[in-house]
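Right, one structure below, let's go through it.
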Protein chains: 2
Amino acid sequence: MSDTGYRPGLHILATFKAPSAALRDLAGCRQLFTRLVAELGLQQVGEAWHSFPEAGFTAVLALTESHLSIHTWPEYELATFDVFLSSFRRDNSEAVRTIYAETLRHLEATEISKTELSR
Amino acid sequence: MSDTGYRPGLHILATFKAPSAALRDLAGCRQLFTRLVAELGLQQVGEAWHSFPEAGFTAVLALTESHLSIHTWPEYELATFDVFLSSFRRDNSEAVRTIYAETLRHLEATEISKTELSR
């Protein structure tokens with residue numbers, strides 16, 4: 001749709017295997033996301049963080065560029081992760097890949113599955 | 001991974017074409033999502049809603065079952081929509097399809113693209 005100026009963005013969806021401790025550490029993940037949003041010049045407009053009693057956590061961040069989410073199941077050493085940034089004002093594909101790689105590294109995770117969608 | 005009891009959930013990702021008026025109507029969409037969460041017995045643990053000046057809106061809902069998101073671009077008559085519910089405690093696939101269909105109907109939208117992922 002180049003006639004309208006609309007540019008789709010990159011969405012990466014993945015399932016990780018990671019150590020339980022990392023998947024219970026809401027505070028560490030929050031610190032990571034806060035740092036990444038700042039460093040990459042993204043604009044956060046809301047967020048929700050929720051810990052499950054003696055289990056994992058769920059988080060979604062609303063960005064003007066779209067969203068970021070993570071849901072963890074430490075009892076299965078699993079997490080599902082999404083990062084989607086529209087490229088409305090600039091090409092954010094590299095930022096998507098950076099957030100993905102840094103989250104994987106932070107959680108000491110291995111990728112079980114990964115899907116990339118241009119949307 | 002049936003040995004652990006973990007059940008992946010259904011994630012639908014779509015791009016809609018819809019009338020601009022519906023894509024500016026944050027309040028109407030919020031009412032819809034609130035109703036669907038209640039009717040389907042889902043548990044909301046956080047949300048973020050943001051309106052862009054004279055433009056669209058962005059929303060993410062954190063659910064114990066995962067998340068729901070919408071980003072609208074009324075200037076292009078476009079929206080991107082995601083619904084992902086894990087099937088941890090019960091099979092939520094039908095709830096995912098209901099939310100998808102009701103959102104499409106509410107926005108008087110037509111589907112431009114749709115991806116279904118079991119994750």
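Chain lettering (A, B, ...) mirrors the order of the structure tokens, residue numbering begins at 1 for each chain separately, and ligand numbering begins at 1 in order of display.
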Could you pull the residues within 12 Å of Gly41 of chain A, counting only C-alpha atoms, minus those fewer than 2 positions along the same chain, as a PyMOL selection string?
chain A and resi 34-39+43-44+63-65+90+92+95
Go ahead and dump the residues you just picked, N, CA, C and O atoms, as a PDB file, in the first residue's frame.
```pdb
ATOM      1  N   THR A  34      12.297  -2.038  30.221  1.00  0.00           N
ATOM      2  CA  THR A  34      12.388  -0.586  30.420  1.00  0.00           C
ATOM      3  C   THR A  34      13.654  -0.037  29.752  1.00  0.00           C
ATOM      4  O   THR A  34      13.626   0.994  29.078  1.00  0.00           O
ATOM      5  N   ARG A  35      14.755  -0.758  29.935  1.00  0.00           N
ATOM      6  CA  ARG A  35      16.023  -0.332  29.337  1.00  0.00           C
ATOM      7  C   ARG A  35      15.936  -0.375  27.809  1.00  0.00           C
ATOM      8  O   ARG A  35      16.346   0.563  27.125  1.00  0.00           O
ATOM      9  N   LEU A  36      15.388  -1.444  27.266  1.00  0.00           N
ATOM     10  CA  LEU A  36      15.319  -1.585  25.805  1.00  0.00           C
ATOM     11  C   LEU A  36      14.441  -0.497  25.176  1.00  0.00           C
ATOM     12  O   LEU A  36      14.789   0.075  24.148  1.00  0.00           O
ATOM     13  N   VAL A  37      13.294  -0.232  25.810  1.00  0.00           N
ATOM     14  CA  VAL A  37      12.392   0.804  25.283  1.00  0.00           C
ATOM     15  C   VAL A  37      13.126   2.146  25.235  1.00  0.00           C
ATOM     16  O   VAL A  37      13.060   2.875  24.235  1.00  0.00           O
ATOM     17  N   ALA A  38      13.889   2.451  26.300  1.00  0.00           N
ATOM     18  CA  ALA A  38      14.627   3.724  26.355  1.00  0.00           C
ATOM     19  C   ALA A  38      15.747   3.748  25.316  1.00  0.00           C
ATOM     20  O   ALA A  38      15.858   4.696  24.523  1.00  0.00           O
ATOM     21  N   GLU A  39      16.541   2.708  25.290  1.00  0.00           N
ATOM     22  CA  GLU A  39      17.713   2.681  24.406  1.00  0.00           C
ATOM     23  C   GLU A  39      17.328   2.718  22.934  1.00  0.00           C
ATOM     24  O   GLU A  39      18.051   3.260  22.110  1.00  0.00           O
ATOM     25  N   GLN A  43       8.346   4.512  22.369  1.00  0.00           N
ATOM     26  CA  GLN A  43       7.508   5.326  23.244  1.00  0.00           C
ATOM     27  C   GLN A  43       6.458   4.448  23.903  1.00  0.00           C
ATOM     28  O   GLN A  43       5.546   3.950  23.230  1.00  0.00           O
ATOM     29  N   GLN A  44       6.613   4.253  25.203  1.00  0.00           N
ATOM     30  CA  GLN A  44       5.673   3.400  25.928  1.00  0.00           C
ATOM     31  C   GLN A  44       4.471   4.220  26.375  1.00  0.00           C
ATOM     32  O   GLN A  44       4.623   5.315  26.899  1.00  0.00           O
ATOM     33  N   LEU A  63       3.033   0.224  23.197  1.00  0.00           N
ATOM     34  CA  LEU A  63       3.960   1.227  22.664  1.00  0.00           C
ATOM     35  C   LEU A  63       3.230   2.000  21.569  1.00  0.00           C
ATOM     36  O   LEU A  63       2.297   1.462  20.962  1.00  0.00           O
ATOM     37  N   THR A  64       3.653   3.218  21.304  1.00  0.00           N
ATOM     38  CA  THR A  64       3.018   3.886  20.159  1.00  0.00           C
ATOM     39  C   THR A  64       3.330   3.080  18.905  1.00  0.00           C
ATOM     40  O   THR A  64       2.585   3.116  17.942  1.00  0.00           O
ATOM     41  N   GLU A  65       4.419   2.312  18.949  1.00  0.00           N
ATOM     42  CA  GLU A  65       4.832   1.496  17.792  1.00  0.00           C
ATOM     43  C   GLU A  65       4.161   0.120  17.747  1.00  0.00           C
ATOM     44  O   GLU A  65       4.420  -0.648  16.830  1.00  0.00           O
ATOM     45  N   ARG A  90       9.329   5.110  10.992  1.00  0.00           N
ATOM     46  CA  ARG A  90      10.689   4.713  10.602  1.00  0.00           C
ATOM     47  C   ARG A  90      10.710   3.187  10.558  1.00  0.00           C
ATOM     48  O   ARG A  90       9.832   2.544  11.123  1.00  0.00           O
ATOM     49  N   ASN A  92      11.402  -0.114  11.897  1.00  0.00           N
ATOM     50  CA  ASN A  92      11.733  -0.619  13.231  1.00  0.00           C
ATOM     51  C   ASN A  92      12.145  -2.096  13.244  1.00  0.00           C
ATOM     52  O   ASN A  92      12.223  -2.700  14.313  1.00  0.00           O
ATOM     53  N   ALA A  95      15.061  -2.878  15.480  1.00  0.00           N
ATOM     54  CA  ALA A  95      14.684  -2.781  16.898  1.00  0.00           C
ATOM     55  C   ALA A  95      13.966  -4.056  17.344  1.00  0.00           C
ATOM     56  O   ALA A  95      14.202  -4.561  18.442  1.00  0.00           O
TER      57      ALA A  95
END
```
Between atom CA of Thr80 of chain A and atom CA of Leu117 of chain B, what distance in Å does the model show, to one decimal?
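Here the two named atoms are 12.0 Å from each other.
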Spatial neighbours of Thr58 of chain B, max dist 12 Å, only C-alpha atoms, sep filter under 5 positions, as a PyMOL selection string
(chain A and resi 44-47+61-67+86) or (chain B and resi 23-27+29-30+47-53+68-74+79-82)
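Closest approach to Ser20 of chain A among A:Leu32, A:Leu85, A:Ala55, A:Leu40 is made by A:Ala55 (distances from only C-alpha atoms).
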Exercise: Leu78 of chain B partners within 12 Å, only C-alpha atoms, chain neighbours under 2 positions left out, as a PyMOL selection string:
(chain A and resi 1+4+6-8+119) or (chain B and resi 14-24+55-57+70-76+80-81+104+107-113)
Print the selection's residues with N, CA, C and O atoms to a file, as a tab-separated table (two decimals), in the first residue's frame.
```tsv
chain	number	residue	atom	x	y	z
A	1	MET	N	0.83	-1.21	0.00
A	1	MET	CA	0.00	0.00	0.00
A	1	MET	C	0.86	1.26	0.00
A	1	MET	O	0.72	2.12	0.85
A	4	THR	N	-0.57	4.93	0.10
A	4	THR	CA	-1.08	5.58	1.30
A	4	THR	C	0.05	5.93	2.27
A	4	THR	O	-0.17	6.64	3.25
A	6	TYR	N	1.37	3.74	4.17
A	6	TYR	CA	1.34	2.77	5.25
A	6	TYR	C	2.43	1.73	5.08
A	6	TYR	O	2.61	1.20	4.00
A	7	ARG	N	3.19	1.47	6.15
A	7	ARG	CA	4.23	0.44	6.12
A	7	ARG	C	3.93	-0.59	7.19
A	7	ARG	O	3.85	-0.24	8.37
A	8	PRO	N	3.80	-1.83	6.81
A	8	PRO	CA	3.62	-2.84	7.85
A	8	PRO	C	4.89	-2.97	8.68
A	8	PRO	O	5.95	-2.49	8.29
A	119	ARG	N	3.61	-7.47	8.85
A	119	ARG	CA	2.16	-7.19	8.88
A	119	ARG	C	1.87	-5.71	9.00
A	119	ARG	O	2.74	-4.96	9.35
B	14	ALA	N	-4.34	-10.75	12.82
B	14	ALA	CA	-5.01	-10.35	11.59
B	14	ALA	C	-4.83	-8.87	11.29
B	14	ALA	O	-4.54	-8.07	12.18
B	15	THR	N	-4.98	-8.55	10.04
B	15	THR	CA	-5.08	-7.16	9.62
B	15	THR	C	-6.45	-6.96	9.02
B	15	THR	O	-6.91	-7.79	8.22
B	16	PHE	N	-7.13	-5.89	9.48
B	16	PHE	CA	-8.49	-5.59	9.04
B	16	PHE	C	-8.52	-4.32	8.22
B	16	PHE	O	-7.74	-3.40	8.46
B	17	LYS	N	-9.47	-4.27	7.31
B	17	LYS	CA	-9.86	-3.00	6.70
B	17	LYS	C	-11.20	-2.64	7.32
B	17	LYS	O	-12.09	-3.49	7.40
B	18	ALA	N	-11.33	-1.40	7.81
B	18	ALA	CA	-12.57	-1.01	8.48
B	18	ALA	C	-12.83	0.48	8.31
B	18	ALA	O	-11.90	1.25	8.02
B	19	PRO	N	-14.09	0.89	8.47
B	19	PRO	CA	-14.41	2.32	8.34
B	19	PRO	C	-13.64	3.14	9.39
B	19	PRO	O	-13.51	2.71	10.54
B	20	SER	N	-13.17	4.30	9.00
B	20	SER	CA	-12.37	5.15	9.89
B	20	SER	C	-13.07	5.41	11.22
B	20	SER	O	-12.43	5.40	12.28
B	21	ALA	N	-14.37	5.65	11.17
B	21	ALA	CA	-15.09	6.01	12.40
B	21	ALA	C	-14.93	4.93	13.47
B	21	ALA	O	-14.66	5.23	14.63
B	22	ALA	N	-15.05	3.67	13.08
B	22	ALA	CA	-14.91	2.56	14.03
B	22	ALA	C	-13.48	2.50	14.57
B	22	ALA	O	-13.26	2.13	15.73
B	23	LEU	N	-12.53	2.88	13.74
B	23	LEU	CA	-11.11	2.78	14.13
B	23	LEU	C	-10.66	3.96	15.00
B	23	LEU	O	-9.53	3.99	15.47
B	24	ARG	N	-11.56	4.94	15.16
B	24	ARG	CA	-11.29	6.06	16.08
B	24	ARG	C	-12.04	5.87	17.40
B	24	ARG	O	-11.83	6.60	18.35
B	55	ALA	N	-6.31	10.66	15.56
B	55	ALA	CA	-5.96	9.45	14.79
B	55	ALA	C	-6.57	8.23	15.46
B	55	ALA	O	-7.66	8.31	16.01
B	56	GLY	N	-5.87	7.13	15.44
B	56	GLY	CA	-6.41	5.89	15.95
B	56	GLY	C	-6.10	5.66	17.42
B	56	GLY	O	-5.89	6.60	18.18
B	57	PHE	N	-6.12	4.41	17.81
B	57	PHE	CA	-5.81	4.05	19.19
B	57	PHE	C	-5.07	2.73	19.23
B	57	PHE	O	-5.02	1.99	18.23
B	70	ILE	N	-4.97	-4.45	19.93
B	70	ILE	CA	-5.44	-3.83	18.69
B	70	ILE	C	-4.70	-2.52	18.49
B	70	ILE	O	-4.42	-1.80	19.45
B	71	HIS	N	-4.34	-2.26	17.24
B	71	HIS	CA	-3.68	-1.01	16.87
B	71	HIS	C	-4.41	-0.52	15.62
B	71	HIS	O	-4.51	-1.28	14.64
B	72	THR	N	-4.92	0.71	15.65
B	72	THR	CA	-5.71	1.17	14.50
B	72	THR	C	-5.07	2.36	13.79
B	72	THR	O	-4.44	3.20	14.41
B	73	TRP	N	-5.27	2.39	12.49
B	73	TRP	CA	-4.80	3.48	11.63
B	73	TRP	C	-5.99	3.95	10.79
B	73	TRP	O	-6.11	3.53	9.63
B	74	PRO	N	-6.88	4.77	11.38
B	74	PRO	CA	-8.06	5.18	10.62
B	74	PRO	C	-7.70	5.92	9.33
B	74	PRO	O	-8.45	5.86	8.35
B	75	GLU	N	-6.54	6.59	9.34
B	75	GLU	CA	-6.13	7.32	8.14
B	75	GLU	C	-5.91	6.39	6.95
B	75	GLU	O	-5.96	6.81	5.80
B	76	TYR	N	-5.66	5.09	7.23
B	76	TYR	CA	-5.51	4.10	6.16
B	76	TYR	C	-6.64	3.07	6.19
B	76	TYR	O	-6.58	2.06	5.48
B	80	THR	N	-4.50	-3.67	13.08
B	80	THR	CA	-3.91	-4.98	13.32
B	80	THR	C	-4.47	-5.47	14.65
B	80	THR	O	-4.58	-4.70	15.60
B	81	PHE	N	-4.82	-6.73	14.69
B	81	PHE	CA	-5.50	-7.30	15.84
B	81	PHE	C	-4.87	-8.64	16.21
B	81	PHE	O	-4.55	-9.44	15.32
B	104	LEU	N	-14.29	-8.37	14.57
B	104	LEU	CA	-14.47	-8.12	13.14
B	104	LEU	C	-15.87	-7.50	12.90
B	104	LEU	O	-16.01	-6.51	12.19
B	107	LEU	N	-16.29	-3.87	14.35
B	107	LEU	CA	-15.61	-2.82	13.57
B	107	LEU	C	-16.17	-2.72	12.15
B	107	LEU	O	-15.72	-1.89	11.37
B	108	GLU	N	-17.14	-3.58	11.82
B	108	GLU	CA	-17.65	-3.69	10.45
B	108	GLU	C	-16.49	-3.85	9.48
B	108	GLU	O	-16.40	-3.18	8.44
B	109	ALA	N	-15.59	-4.73	9.89
B	109	ALA	CA	-14.32	-4.86	9.17
B	109	ALA	C	-14.32	-6.02	8.18
B	109	ALA	O	-15.12	-6.96	8.30
B	110	THR	N	-13.42	-5.95	7.22
B	110	THR	CA	-13.14	-7.10	6.37
B	110	THR	C	-11.69	-7.51	6.62
B	110	THR	O	-10.83	-6.67	6.89
B	111	GLU	N	-11.49	-8.80	6.53
B	111	GLU	CA	-10.18	-9.36	6.84
B	111	GLU	C	-9.25	-9.17	5.64
B	111	GLU	O	-9.57	-9.59	4.54
B	112	ILE	N	-8.10	-8.56	5.87
B	112	ILE	CA	-7.10	-8.44	4.79
B	112	ILE	C	-6.14	-9.63	4.87
B	112	ILE	O	-5.78	-10.22	3.86
B	113	SER	N	-5.74	-9.95	6.08
B	113	SER	CA	-4.90	-11.13	6.27
B	113	SER	C	-5.14	-11.70	7.64
B	113	SER	O	-5.57	-10.99	8.55
```
Go through B:Glu77, B:Glu94, B:Glu102, B:Glu54 and flag the residue nearest chain A, using only C-alpha atoms for the distances.
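Checking each candidate against chain A, we get B:Glu77 as the closest.
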Helix (DSSP H, G or I) per DSSP on the backbone: members of chain B, as a PDB file with C-alpha atoms, in the first residue's frame:
```pdb
ATOM      1  CA  SER B  20     -12.368   5.155   9.894  1.00  0.00           C
ATOM      2  CA  ALA B  21     -15.093   6.014  12.402  1.00  0.00           C
ATOM      3  CA  ALA B  22     -14.906   2.565  14.029  1.00  0.00           C
ATOM      4  CA  LEU B  23     -11.111   2.783  14.128  1.00  0.00           C
ATOM      5  CA  ARG B  24     -11.290   6.062  16.081  1.00  0.00           C
ATOM      6  CA  LEU B  26     -11.714   3.689  21.505  1.00  0.00           C
ATOM      7  CA  ALA B  27     -14.691   3.737  23.895  1.00  0.00           C
ATOM      8  CA  GLY B  28     -16.745   1.387  21.737  1.00  0.00           C
ATOM      9  CA  CYS B  29     -13.875  -1.068  21.410  1.00  0.00           C
ATOM     10  CA  ARG B  30     -13.195  -0.951  25.133  1.00  0.00           C
ATOM     11  CA  GLN B  31     -16.829  -1.732  25.862  1.00  0.00           C
ATOM     12  CA  LEU B  32     -16.674  -4.673  23.456  1.00  0.00           C
ATOM     13  CA  PHE B  33     -13.501  -6.147  24.976  1.00  0.00           C
ATOM     14  CA  THR B  34     -14.836  -5.703  28.529  1.00  0.00           C
ATOM     15  CA  ARG B  35     -18.031  -7.518  27.574  1.00  0.00           C
ATOM     16  CA  LEU B  36     -16.194 -10.362  25.822  1.00  0.00           C
ATOM     17  CA  VAL B  37     -13.788 -10.908  28.727  1.00  0.00           C
ATOM     18  CA  ALA B  38     -16.751 -11.152  31.121  1.00  0.00           C
ATOM     19  CA  GLU B  39     -18.952 -13.318  28.885  1.00  0.00           C
ATOM     20  CA  PRO B  74      -8.065   5.179  10.619  1.00  0.00           C
ATOM     21  CA  GLU B  75      -6.128   7.320   8.137  1.00  0.00           C
ATOM     22  CA  TYR B  76      -5.509   4.097   6.156  1.00  0.00           C
ATOM     23  CA  SER B  93      -9.641 -22.104  21.131  1.00  0.00           C
ATOM     24  CA  GLU B  94     -13.351 -21.403  20.777  1.00  0.00           C
ATOM     25  CA  ALA B  95     -13.022 -18.272  22.924  1.00  0.00           C
ATOM     26  CA  VAL B  96     -10.235 -17.077  20.618  1.00  0.00           C
ATOM     27  CA  ARG B  97     -12.465 -17.567  17.566  1.00  0.00           C
ATOM     28  CA  THR B  98     -15.395 -15.838  19.257  1.00  0.00           C
ATOM     29  CA  ILE B  99     -13.309 -12.783  20.191  1.00  0.00           C
ATOM     30  CA  TYR B 100     -11.946 -12.649  16.675  1.00  0.00           C
ATOM     31  CA  ALA B 101     -15.369 -12.859  15.018  1.00  0.00           C
ATOM     32  CA  GLU B 102     -17.006 -10.361  17.397  1.00  0.00           C
ATOM     33  CA  THR B 103     -14.221  -7.819  16.910  1.00  0.00           C
ATOM     34  CA  LEU B 104     -14.472  -8.117  13.137  1.00  0.00           C
ATOM     35  CA  ARG B 105     -18.239  -7.625  13.368  1.00  0.00           C
ATOM     36  CA  HIS B 106     -18.019  -4.728  15.833  1.00  0.00           C
TER      37      HIS B 106
END
```
Based on the backbone DSSP call, show me all residues of segment 41-96 of chain A assigned strand (DSSP E), as a PyMOL selection string.
chain A and resi 44-51+57-63+66-73+78-85
How far is it from atom CA of Val83 of chain B to atom CA of Asp91 of chain A, in Å with one decimal?
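It comes out at 24.7 Å.
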Quick one: pull the distance between atom CA of Lys114 of chain B and atom CA of Ile12 of chain B, Å, one decimal.
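Distance reported for this atom pair: 7.0 Å.
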